[in-house]
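Engineer: Provided herewith: run-v1.tsv, TSV, C-alpha atoms.
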chain	number	residue	atom	x	y	z
A	1	MET	CA	4.40	15.92	11.00
A	2	PHE	CA	4.01	13.98	7.75
A	3	VAL	CA	4.86	10.29	8.17
A	4	PRO	CA	5.32	8.29	4.95
A	5	LYS	CA	3.31	5.09	4.65
A	6	PRO	CA	5.22	1.77	4.88
A	7	VAL	CA	6.42	0.22	1.62
A	8	ILE	CA	7.29	-3.29	2.81
A	9	SER	CA	5.73	-5.84	5.17
A	10	LEU	CA	6.52	-9.29	6.51
A	11	SER	CA	4.91	-11.76	8.87
A	12	ILE	CA	6.58	-12.35	12.23
A	13	GLU	CA	6.00	-14.75	15.11
A	14	PRO	CA	8.02	-15.86	18.12
A	15	LYS	CA	9.93	-19.11	17.68
A	16	GLY	CA	8.62	-21.71	20.12
A	17	LYS	CA	6.51	-20.62	23.09
A	18	GLU	CA	4.61	-17.31	23.00
A	19	SER	CA	6.37	-14.69	25.12
A	20	PRO	CA	4.87	-11.52	26.63
A	21	ASN	CA	8.09	-9.79	25.57
A	22	PHE	CA	7.05	-10.24	21.92
A	23	SER	CA	4.09	-7.85	22.12
A	24	LYS	CA	5.92	-5.61	24.60
A	25	ALA	CA	8.76	-5.11	22.10
A	26	LEU	CA	6.42	-4.40	19.19
A	27	GLN	CA	4.50	-1.80	21.23
A	28	ARG	CA	7.73	-0.06	22.23
A	29	PHE	CA	9.12	-0.02	18.69
A	30	GLN	CA	5.88	1.54	17.39
A	31	ARG	CA	6.06	4.29	20.02
A	32	GLU	CA	9.68	5.05	19.12
A	33	ASP	CA	9.31	4.98	15.33
A	34	PRO	CA	6.17	6.30	13.55
A	35	THR	CA	7.25	4.63	10.27
A	36	PHE	CA	7.18	1.17	11.95
A	37	LYS	CA	3.66	-0.34	11.95
A	38	VAL	CA	2.18	-3.55	13.35
A	39	HIS	CA	-1.18	-5.18	12.62
A	40	VAL	CA	-2.80	-8.61	12.65
A	41	ASP	CA	-3.92	-9.85	9.23
A	42	SER	CA	-7.68	-10.47	9.34
A	43	GLU	CA	-7.46	-13.54	7.09
A	44	SER	CA	-4.26	-15.34	8.09
A	45	LYS	CA	-4.30	-14.09	11.74
A	46	GLN	CA	-0.54	-13.53	11.43
A	47	THR	CA	1.22	-10.56	13.02
A	48	ILE	CA	2.50	-8.28	10.23
A	49	ILE	CA	5.24	-5.68	10.68
A	50	SER	CA	5.64	-2.92	8.10
A	51	GLY	CA	8.36	-0.34	7.48
A	52	MET	CA	10.44	1.61	4.99
A	53	GLY	CA	12.73	-1.15	3.73
A	54	GLU	CA	14.12	-4.66	4.19
A	55	LEU	CA	16.98	-3.46	6.43
A	56	HIS	CA	14.60	-1.34	8.52
A	57	LEU	CA	12.59	-4.44	9.48
A	58	GLU	CA	15.68	-6.65	9.91
A	59	ILE	CA	17.01	-4.20	12.53
A	60	TYR	CA	13.84	-4.54	14.62
A	61	VAL	CA	13.87	-8.34	14.34
A	62	GLU	CA	17.50	-8.29	15.57
A	63	ARG	CA	16.66	-5.84	18.38
A	64	MET	CA	13.88	-8.15	19.51
A	65	ARG	CA	16.38	-11.01	19.80
A	66	ARG	CA	19.08	-8.93	21.47
A	67	GLU	CA	17.06	-6.67	23.80
A	68	TYR	CA	14.06	-8.89	24.58
A	69	ASN	CA	15.55	-12.36	24.15
A	70	VAL	CA	12.82	-13.30	21.65
A	71	GLU	CA	13.88	-15.35	18.61
A	72	CYS	CA	11.49	-14.76	15.71
A	73	VAL	CA	10.44	-16.56	12.56
A	74	VAL	CA	9.79	-14.15	9.69
A	75	GLY	CA	8.06	-14.67	6.36
A	76	ARG	CA	9.10	-13.46	2.92
A	77	PRO	CA	8.88	-9.66	2.63
A	78	GLN	CA	5.79	-8.39	0.84
A	79	VAL	CA	5.90	-5.17	-1.18
A	80	ALA	CA	3.19	-2.58	-0.42
A	81	TYR	CA	1.48	-2.28	-3.80
A	82	ARG	CA	-1.30	0.27	-4.35
A	83	GLU	CA	-4.11	0.65	-6.89
A	84	THR	CA	-5.40	3.83	-8.49
A	85	VAL	CA	-7.68	5.17	-11.25
A	86	THR	CA	-6.47	6.94	-14.41
A	87	GLN	CA	-9.68	8.52	-15.70
A	88	ALA	CA	-12.88	10.15	-14.44
A	89	VAL	CA	-16.01	7.99	-14.58
A	90	PRO	CA	-19.61	8.96	-13.65
A	91	PHE	CA	-21.77	6.72	-11.47
A	92	HIS	CA	-25.54	6.45	-10.97
A	93	TYR	CA	-26.19	3.68	-8.48
A	94	THR	CA	-29.32	2.62	-6.60
A	95	HIS	CA	-29.11	0.26	-3.64
A	96	LYS	CA	-32.52	-1.34	-3.16
A	97	LYS	CA	-33.45	-4.27	-0.97
A	98	GLN	CA	-36.91	-5.43	0.05
A	99	SER	CA	-37.47	-8.39	2.34
A	100	GLY	CA	-40.68	-7.82	4.28
A	101	GLY	CA	-41.15	-4.83	6.56
A	102	SER	CA	-38.96	-1.78	5.93
A	103	GLY	CA	-36.36	-2.32	3.21
A	104	GLN	CA	-33.20	-0.51	2.17
A	105	PHE	CA	-33.06	2.29	-0.37
A	106	GLY	CA	-30.32	4.74	-1.34
A	107	ARG	CA	-29.40	6.33	-4.66
A	108	VAL	CA	-26.11	8.13	-5.29
A	109	ILE	CA	-25.06	10.08	-8.40
A	110	GLY	CA	-21.64	11.55	-9.07
A	111	ARG	CA	-18.18	10.65	-10.36
A	112	ILE	CA	-14.85	9.22	-9.33
A	113	GLU	CA	-11.66	10.80	-10.66
A	114	PRO	CA	-7.88	10.74	-10.24
A	115	MET	CA	-6.26	13.07	-7.69
A	116	THR	CA	-3.23	14.87	-9.08
A	117	GLU	CA	-1.65	15.35	-5.65
A	118	ALA	CA	-2.16	14.34	-2.03
A	119	GLY	CA	-4.27	16.49	0.29
A	120	GLU	CA	-2.83	18.89	2.85
A	121	ASP	CA	-2.57	16.17	5.50
A	122	GLY	CA	-0.96	13.69	3.08
A	123	GLU	CA	-4.23	11.82	2.49
A	124	THR	CA	-4.41	10.15	-0.91
A	125	THR	CA	-8.18	9.67	-1.17
A	126	GLU	CA	-10.82	12.40	-0.94
A	127	PHE	CA	-14.59	12.58	-0.56
A	128	VAL	CA	-16.26	15.72	-1.95
A	129	ASP	CA	-19.92	16.57	-1.30
A	130	GLU	CA	-21.31	18.74	-4.12
A	131	THR	CA	-24.98	18.02	-3.42
A	132	VAL	CA	-27.48	20.89	-3.38
A	133	GLY	CA	-30.86	20.62	-1.67
A	134	MET	CA	-32.17	17.69	0.35
A	135	ASN	CA	-32.47	14.84	-2.17
A	136	ILE	CA	-30.06	13.09	0.18
A	137	PRO	CA	-30.70	14.14	3.81
A	138	SER	CA	-27.51	15.54	5.37
A	139	GLN	CA	-27.39	12.83	8.07
A	140	PHE	CA	-26.74	10.20	5.37
A	141	ILE	CA	-23.74	11.96	3.72
A	142	PRO	CA	-21.19	10.61	6.29
A	143	ALA	CA	-22.49	7.07	5.64
A	144	ILE	CA	-21.79	7.45	1.90
A	145	GLU	CA	-18.27	8.63	2.75
A	146	ASP	CA	-17.84	5.58	5.02
A	147	GLY	CA	-18.86	3.34	2.09
A	148	PHE	CA	-16.28	5.01	-0.16
A	149	GLU	CA	-13.55	4.71	2.50
A	150	GLU	CA	-14.34	1.01	3.00
A	151	ALA	CA	-14.20	0.40	-0.77
A	152	THR	CA	-10.71	1.96	-0.99
A	153	GLN	CA	-9.29	-0.44	1.60
A	154	LYS	CA	-9.14	-3.24	-0.95
A	155	GLY	CA	-9.04	-2.77	-4.73
A	156	SER	CA	-10.43	-5.36	-7.13
A	157	LEU	CA	-7.23	-5.80	-9.18
A	158	ILE	CA	-4.99	-7.42	-6.54
A	159	GLY	CA	-6.68	-6.52	-3.25
A	160	ALA	CA	-4.28	-3.62	-2.57
A	161	PRO	CA	-5.37	-0.31	-0.99
A	162	ILE	CA	-6.65	2.29	-3.47
A	163	THR	CA	-4.89	5.64	-3.58
A	164	GLY	CA	-4.96	8.88	-5.59
A	165	THR	CA	-8.76	8.76	-6.02
A	166	ARG	CA	-11.52	11.32	-5.40
A	167	PHE	CA	-15.22	10.47	-4.90
A	168	VAL	CA	-17.49	13.38	-5.88
A	169	LEU	CA	-21.13	13.11	-4.76
A	170	GLU	CA	-23.38	15.30	-6.94
A	171	ASP	CA	-26.95	14.13	-6.28
A	172	GLY	CA	-29.08	11.18	-5.25
A	173	MET	CA	-32.44	10.14	-3.87
A	174	SER	CA	-33.82	8.87	-0.58
A	175	HIS	CA	-37.00	7.15	0.57
A	176	PRO	CA	-38.95	8.41	3.61
A	177	VAL	CA	-39.19	4.91	5.13
A	178	ASP	CA	-36.55	2.65	3.57
A	179	SER	CA	-33.54	4.98	3.57
A	180	SER	CA	-31.00	4.51	6.35
A	181	GLU	CA	-27.31	4.95	7.08
A	182	ILE	CA	-26.53	1.34	6.11
A	183	ALA	CA	-28.46	1.70	2.82
A	184	PHE	CA	-26.48	4.78	1.82
A	185	LYS	CA	-23.19	3.29	3.01
A	186	LEU	CA	-23.76	0.28	0.74
A	187	ALA	CA	-24.86	2.57	-2.11
A	188	GLY	CA	-21.58	4.51	-1.80
A	189	LEU	CA	-19.51	1.33	-1.59
A	190	TYR	CA	-21.07	-0.44	-4.58
A	191	ALA	CA	-21.25	2.76	-6.67
A	192	PHE	CA	-17.50	3.16	-6.25
A	193	ARG	CA	-16.73	-0.50	-7.03
A	194	GLU	CA	-18.85	-0.40	-10.18
A	195	ALA	CA	-17.25	2.83	-11.45
A	196	TYR	CA	-13.74	1.70	-10.45
A	197	MET	CA	-13.68	-1.11	-13.01
A	198	LYS	CA	-14.40	1.43	-15.80
A	199	ALA	CA	-11.85	4.01	-14.61
A	200	GLY	CA	-8.67	2.48	-16.07
A	201	ALA	CA	-7.56	0.95	-12.76
A	202	GLN	CA	-3.80	0.57	-12.43
A	203	ILE	CA	-1.40	-1.16	-10.04
A	204	LEU	CA	1.34	1.01	-8.49
A	205	GLU	CA	4.60	-0.30	-7.04
A	206	PRO	CA	7.06	1.47	-4.71
A	207	VAL	CA	10.24	2.71	-6.38
A	208	MET	CA	13.36	3.42	-4.32
A	209	SER	CA	16.15	5.96	-4.78
A	210	VAL	CA	19.30	3.84	-4.60
A	211	ASN	CA	22.84	5.24	-4.25
A	212	VAL	CA	25.73	2.81	-4.72
A	213	SER	CA	29.37	3.54	-3.89
A	214	ALA	CA	32.19	1.20	-5.01
A	215	PRO	CA	35.78	1.30	-6.32
A	216	SER	CA	35.73	2.68	-9.88
A	217	GLU	CA	37.11	-0.59	-11.28
A	218	PHE	CA	33.69	-2.15	-10.53
A	219	GLN	CA	31.64	0.59	-12.26
A	220	GLY	CA	30.55	-1.74	-15.09
A	221	ASN	CA	29.55	-4.48	-12.63
A	222	VAL	CA	27.50	-2.08	-10.49
A	223	ILE	CA	25.61	-0.61	-13.47
A	224	ALA	CA	24.99	-4.10	-14.89
A	225	LEU	CA	23.63	-5.23	-11.51
A	226	LEU	CA	21.24	-2.24	-11.33
A	227	ASN	CA	20.09	-2.80	-14.92
A	228	LYS	CA	19.45	-6.46	-14.16
A	229	ARG	CA	17.12	-5.34	-11.37
A	230	LYS	CA	15.14	-3.04	-13.71
A	231	GLY	CA	16.90	0.05	-12.37
A	232	THR	CA	16.95	3.40	-14.18
A	233	ILE	CA	20.38	5.02	-13.86
A	234	ALA	CA	19.98	8.71	-12.93
A	235	ASP	CA	23.64	9.67	-12.45
A	236	SER	CA	27.13	8.15	-12.38
A	237	GLU	CA	30.20	10.01	-11.12
A	238	VAL	CA	33.80	8.90	-10.49
A	239	ARG	CA	35.53	10.63	-7.59
A	240	ASP	CA	38.86	9.67	-5.91
A	241	ASP	CA	38.96	6.16	-7.44
A	242	TYR	CA	35.37	5.55	-6.31
A	243	VAL	CA	32.23	5.59	-8.42
A	244	GLU	CA	28.91	6.90	-7.12
A	245	VAL	CA	25.88	5.59	-9.00
A	246	ALA	CA	22.37	6.97	-8.40
A	247	ALA	CA	19.42	4.96	-9.69
A	248	GLU	CA	15.71	4.38	-9.23
A	249	VAL	CA	14.80	0.71	-8.71
A	250	PRO	CA	11.47	-1.02	-7.99
A	251	LEU	CA	11.49	-2.24	-4.38
A	252	ASN	CA	10.35	-5.69	-5.48
A	253	ASP	CA	13.64	-6.06	-7.39
A	254	MET	CA	15.84	-4.97	-4.45
A	255	PHE	CA	15.55	-8.13	-2.32
A	256	GLY	CA	18.98	-9.68	-1.80
A	257	PHE	CA	20.70	-6.69	-3.43
A	258	SER	CA	23.32	-6.30	-0.67
A	259	THR	CA	24.54	-9.90	-1.18
A	260	ASP	CA	24.82	-9.46	-4.95
A	261	LEU	CA	26.56	-6.10	-4.57
A	262	ARG	CA	29.20	-7.59	-2.26
A	263	SER	CA	29.68	-10.42	-4.75
A	264	VAL	CA	30.32	-8.17	-7.80
A	265	THR	CA	32.54	-5.68	-5.88
A	266	GLN	CA	34.61	-8.17	-3.82
A	267	GLY	CA	32.89	-6.92	-0.67
A	268	LYS	CA	33.87	-3.27	-1.27
A	269	GLY	CA	30.52	-1.88	-2.48
A	270	GLU	CA	28.01	-0.06	-0.27
A	271	PHE	CA	24.54	1.31	-0.92
A	272	THR	CA	21.77	3.39	0.62
A	273	MET	CA	18.10	3.23	-0.29
A	274	GLU	CA	15.05	5.36	0.46
A	275	TYR	CA	11.47	5.48	-0.74
A	276	LYS	CA	10.84	7.80	-3.71
A	277	ASP	CA	7.35	7.21	-5.07
A	278	HIS	CA	4.71	4.72	-6.21
A	279	VAL	CA	4.66	4.33	-10.02
A	280	PRO	CA	2.59	2.17	-12.42
A	281	VAL	CA	3.85	-1.36	-13.08
A	282	LEU	CA	4.36	-2.43	-16.71
A	283	PRO	CA	1.14	-3.61	-18.47
A	284	GLY	CA	2.46	-7.20	-18.80
A	285	VAL	CA	3.37	-7.31	-15.11
A	286	GLN	CA	-0.09	-5.98	-14.16
A	287	ALA	CA	-1.84	-8.65	-16.27
A	288	THR	CA	0.20	-11.40	-14.54
A	289	MET	CA	-0.45	-9.97	-11.06
A	290	VAL	CA	-4.20	-9.70	-11.68
A	291	ALA	CA	-4.37	-13.28	-13.03
A	292	ASP	CA	-2.43	-14.60	-10.01
A	293	TYR	CA	-4.74	-12.74	-7.61
A	294	GLN	CA	-7.86	-14.11	-9.32
A	295	LYS	CA	-6.50	-17.67	-9.09
A	296	LYS	CA	-5.78	-17.17	-5.41
A	297	MET	CA	-9.33	-15.88	-4.78
A	298	GLN	CA	-10.87	-18.78	-6.73
A	299	ALA	CA	-8.81	-21.32	-4.75
A	300	LYS	CA	-9.94	-19.67	-1.50
A	301	ALA	CA	-13.59	-19.81	-2.56
A	302	LYS	CA	-13.52	-23.59	-3.12
Output the file's structure in the form of structure tokens.

Structural biologist:
Amino acid sequence: MFVPKPVISLSIEPKGKESPNFSKALQRFQREDPTFKVHVDSESKQTIISGMGELHLEIYVERMRREYNVECVVGRPQVAYRETVTQAVPFHYTHKKQSGGSGQFGRVIGRIEPMTEAGEDGETTEFVDETVGMNIPSQFIPAIEDGFEEATQKGSLIGAPITGTRFVLEDGMSHPVDSSEIAFKLAGLYAFREAYMKAGAQILEPVMSVNVSAPSEFQGNVIALLNKRKGTIADSEVRDDYVEVAAEVPLNDMFGFSTDLRSVTQGKGEFTMEYKDHVPVLPGVQATMVADYQKKMQAKAK
């Protein structure tokens, strides 16, 4: 069964004293719903819940209060951005470290390239071993793949996971004494990071398919509201005094949409929303996001 990856996250913690019901509820919800995910952020140590939309997570927060008697404090929703590459780039990287005794040595040669579609199991990154011969002993190949997988966990643009990327290993070199799994893992990791910055890296944002239904007298208001939120109108149809508007809208621009829709339709408008795809953000938006991320990292380093 293919389970889509979450597109939105928010921090959550019990209000007041820690309750065992808090973790009990989260465990149960994860068992019931494969699109609902929970993890603890390694930096902030906050509990993060992730799902398919703002309403999806609000329902679980409300269920926790109603079914488990746990009031929760939640943070501002965070959109699940991704990063990807747009062009193929070769790499030729040697990891070498000598500090008395046996050192570390591993050389990897190959390329990284965009993937046009996800793999059979829905995976969006791929490691391909095209080596011939024993320049890299076979026991070190999994370590290189581990290095690549670790590198894709956090891109260098905004620290988002990297998707739609293939790592092709073509050749390399080992040393009879200094080569080891850790040496080749680091060679794979740093080779990818070095090539990634030359591969036209791009930020992707989740876009939602939004369907709005409202009395036809509010058609202009509904379309204006969607346009204001950077929506692309796909279809608009009037049927039995009601208008149905289909649009694609970036998830980041959908926060608070239900309140605004009620306001412009006198409480008579309704909408549904589901994940459609991740698409590139506009170049100006990407530049701002990268600059903000760099400032944040510099502040953290002080």

Engineer: Taking all atoms listed in the file into account, which of A:Arg82, A:Arg63, A:His278, A:Arg229 comes nearest Ile158 (chain A)?

Structural biologist: A:Arg82

Engineer: Quick one: residues within 7 Å of region 140-144 of chain A, all atoms listed in the file counted, chain neighbours fewer than 2 positions away excluded, as an mmCIF file with C-alpha atoms, in the coordinates of the input?

Structural biologist:
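What landed in around-v1.cif:
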data_model
loop_
_atom_site.group_PDB
_atom_site.id
_atom_site.type_symbol
_atom_site.label_atom_id
_atom_site.label_comp_id
_atom_site.auth_asym_id
_atom_site.auth_seq_id
_atom_site.Cartn_x
_atom_site.Cartn_y
_atom_site.Cartn_z
ATOM 1 C CA ILE A 136 -30.060 13.090 0.180
ATOM 2 C CA PRO A 137 -30.700 14.140 3.810
ATOM 3 C CA SER A 138 -27.510 15.540 5.370
ATOM 4 C CA ASP A 146 -17.840 5.580 5.020
ATOM 5 C CA GLY A 147 -18.860 3.340 2.090
ATOM 6 C CA PHE A 148 -16.280 5.010 -0.160
ATOM 7 C CA GLU A 181 -27.310 4.950 7.080
ATOM 8 C CA PHE A 184 -26.480 4.780 1.820
ATOM 9 C CA LYS A 185 -23.190 3.290 3.010
ATOM 10 C CA GLY A 188 -21.580 4.510 -1.800
#

Engineer: Looking at all atoms listed in the file, which of A:Arg262, A:Lys198, A:His56, A:Arg65 is the one that sits closest to Glu274 (chain A)?

Structural biologist: A:His56

Engineer: Which residues of region 32-136 of chain A come within 9 Å of region 239-254 of chain A, and what is each one's closest atom pair and distance in Å (one decimal), counting only C-alpha atoms, sorted by chain and residue number, as a Markdown table?

Structural biologist:
| residue | atom | partner | partner_atom | distance |
| --- | --- | --- | --- | --- |
| A:Gly53 | CA | A:Leu251 | CA | 8.3 |
| A:Glu54 | CA | A:Met254 | CA | 8.8 |
| A:Gln78 | CA | A:Asn252 | CA | 8.2 |
| A:Val79 | CA | A:Asn252 | CA | 6.2 |

Engineer: Interatomic distance between CA of Ser11 (chain A) and CA of Gly51 (chain A)?

Structural biologist: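 Taking CA of Ser11 (chain A) and CA of Gly51 (chain A), their separation equals 12.0 Å.
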
Engineer: Work out how far CA of Arg166 (chain A) is from CA of Val85 (chain A), in Å to one decimal.

Structural biologist: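 We find that CA of Val85 (chain A) and CA of Arg166 (chain A) lie 9.3 Å from each other.
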
Engineer: With 6 Å as the threshold, what does the neighbourhood of (-5.3, 5.5, -1.3) contain in terms of residues, counting all atoms listed in the file? Coordinates are those of the file; answer as a ChimeraX atom specification.

Structural biologist: /A:124-125,161-164

Engineer: Region 20-32 of chain A: which residues within 7 Å, counting all atoms listed in the file, same-chain residues fewer than 6 positions away excluded, as a ChimeraX atom specification?

Structural biologist: /A:14,64,68,70

Engineer: Can I get the selected residues back with C-alpha atoms, as a short mmCIF file (atom, residue, chain, number, x, y, z; two decimals), keeping the file's coordinate frame?

Structural biologist:
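In the end it all went to result_1.cif:
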data_model
loop_
_atom_site.label_atom_id
_atom_site.label_comp_id
_atom_site.auth_asym_id
_atom_site.auth_seq_id
_atom_site.Cartn_x
_atom_site.Cartn_y
_atom_site.Cartn_z
CA PRO A 14 8.02 -15.86 18.12
CA MET A 64 13.88 -8.15 19.51
CA TYR A 68 14.06 -8.89 24.58
CA VAL A 70 12.82 -13.30 21.65
#

Engineer: Taking all atoms listed in the file into account, name the residue in A:Ala287, A:Ser174, A:Asp33, A:Met208 that is nearest to Ile233 (chain A).

Structural biologist: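 Ranked by minimum distance to Ile233 (chain A), first place goes to A:Met208.
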
Engineer: Nearest to Gly231 (chain A) among A:Leu10, A:Val73, A:Val207, A:Met197, with distances taken over only C-alpha atoms: which residue is it?

Structural biologist: A:Val207
